[in-house]
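Engineer: Just dropping this structure here.
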Amino acid sequence: MTILETRGLTYSYPDGNVALRDINIKIDKGKKIAFVGQNGSGKSTLFMLLNGTMKPGKGEVLFHDVPFKYNSKSLREIRKSVGIVFQNSDDQLFAPTVYQDVAFGPANLDYPKEKLETCVNRALEQVGLTNFKDRPPHHLSGGQKKRVAIAGVMAMEPEVIILDEPLSNLDPVGADEIMDLLNEFNHYGSTIIISTHDVDLAYRWSDYVYLMSDSELIGEGAPEVLFRQTELLKLAGLRPPSSLEVYHELERRGLAKGYLSPKTLPELVNALRPPELMWVDAPHGVKEGDTLNLGILYGEYSPNSPYEAINARVLHIHPGGKAIVELKRRSIKAGGILLYDTDSYSYPEVLNIIEEGDVTFVGAMGKKSKILAEEDGIFLDVTSGVIDRSILTALCGKRCLILTGGGMVEHAFKRIREYVELSGIELNVGTFNTGEEFPWLEVLEESAEGFRV
Ligand SMILES: Nc1ncnc2c1ncn2[C@@H]1O[C@H](COP(=O)(O)OP(=O)(O)O)[C@@H](O)[C@H]1O
Ligand SMILES: [Mg+2]
């Protein structure tokens, strides 16, 4: 369903500078959209037209198929439904306290007092700034200011959130936190639109990408498709995403295959083609045709490694005792990932899982789960990119625990399952405490055995 659309949108600044030329876009509800382009390509101008802050010279903007009218009543409606977070938080924040800043938008919409308080407190909780509500915004860090600005928009419960260069000037941790927040909002149904010149970010994050250059839209499509068009990217003054560049170099040398467009680190790792034949010291008593377990943890090659890592079939035993083995990728067994639903959370239980379950890597997804862990002093090895980092860790034979709540458990389970199916590498996956039955849980339940505590 199209939620936001432009037709023949053209805009010139009063000094005659043409900032947008004939822009036609259709934004689907619930999607993650990135506008990618160099500085000056027209992204910010477009965003201000998308929420009615500026009026087009030619063409129109439509919300749910209804063209914007530029009278004060419909502009209020639009600004409530299409929230915008500016590139520079200092342009957006001006109230004496964080609470007042977040309350500014909904107060202008004449929310009754009670609803106002509920919305503001919820938004502050969503961005994890409840404890900061009496602080002056200009004393906060860049990442915290950005979160205040986002809360100000979220408090109005918009259908679409537009963020102009949301990561500019943020450090890596602050940037990860913002992207996690956006993913969480998107997970619960918001349509998210960002602008960026960071192709890596747009490539891995978005469902759909618009490519802008010199006031015009010069390309659009799914990121896997659009970012393969190197000539088009060059035209826009951009480079291909680095994971694609690395992959293509490896592929050209015959070292990787199977993925047209690896996006994440686990996908890239999975595309690597391991040498299929290998010389090993044949343990005593091994015959041709036997299967050997090559333990990756201790580097020993024994017929019965306790750490089943890679199975290999013995093709030939040399008189000197060396053997040629063929690695069987399908039977790689790695560590495991356990998902814990924090919607019903118990600290002793989590502690027990970590200790008794021999868990060496703990991650949390979602603000609520991170706060729970923080309050109880559970050390988190990872708080962003949690699923991918856990997969990579599990591939090294370790056991991971992911704390997460709401529908995110199912989301994580699906992602891990997709990886298992695609790669043929068997990860042990289990859920704990979810109450819900997933149709595919049974399939993996068996492999989760032994990991349950
Ligand atoms: N207030 C302004 N007055 C005149 N020209 C402007 C103004 N703001 C932006 N422009 C021009 O409009 C074009 C698009 O700018 P902008 O939308 O800011 O691009 P981006 O956000 O992609 O960097 C550029 O040529 C820029 O110089
Ligand atoms: Mg801009």
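Here, A, B, ... name the chains of the structure tokens in the order displayed, residue numbers run from 1 inside each chain, and ligands are numbered from 1 in the same displayed order.
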Residues of range 173-248 of chain A within 9 Å of range 404-408 of chain A: nearest atom pair and distance (Å, one decimal) for each, counting only C-alpha atoms, sorted by chain and number, as JSON lines?
Structural biologist:
```
{"residue": "A:Glu184", "atom": "CA", "partner": "A:Met408", "partner_atom": "CA", "distance": 8.4}
{"residue": "A:His187", "atom": "CA", "partner": "A:Met408", "partner_atom": "CA", "distance": 7.9}
{"residue": "A:Tyr188", "atom": "CA", "partner": "A:Gly407", "partner_atom": "CA", "distance": 8.4}
```
Engineer: As a ChimeraX atom specification, please: every protein or nucleic acid residue near ligand 1 (cut-off 9 Å, counting only C-alpha atoms and all ligand atoms).
Structural biologist: /A:11-20,35-48,164-165,195-197,212-215
Engineer: Given the choices A:Ser242, A:Tyr340, A:Pro166, A:Leu124, which gets closest to ligand 2 if the distance is worked out from only C-alpha atoms and all ligand atoms?
Structural biologist: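 That would be A:Pro166, the residue with the smallest distance to ligand 2.
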Engineer: List every residue of range 343-439 of chain A that DSSP, applied to the backbone, labels as strand (DSSP E or B), and write the result as a list of chain:residue names.
Structural biologist: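 Residues of range 343-439 of chain A classed as strand (DSSP E or B): A:Phe361, A:Val362, A:Gly363, A:Ala364, A:Met365, A:Val382, A:Arg399, A:Cys400, A:Leu401, A:Ile402, A:Leu403, A:Thr404, A:Glu426, A:Leu427, A:Asn428, A:Val429, A:Gly430, A:Thr431, A:Phe432.
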Engineer: Skip Met278 in chain A itself and residues of its chain fewer than 6 positions away, then list as a ChimeraX atom specification all residues within 8 Å of it, counting only C-alpha atoms.
Structural biologist: /A:324-327
Engineer: Excluding Ile150 in chain A and residues on its chain fewer than 4 positions from it, collect all residues at most 10 Å away from it, counting only C-alpha atoms, and give them as an MDAnalysis selection string.
Structural biologist: chainID A and resid 83:86 89 92 102 123:124 126:127 144:146 154:155 161:163 166 178 181:182
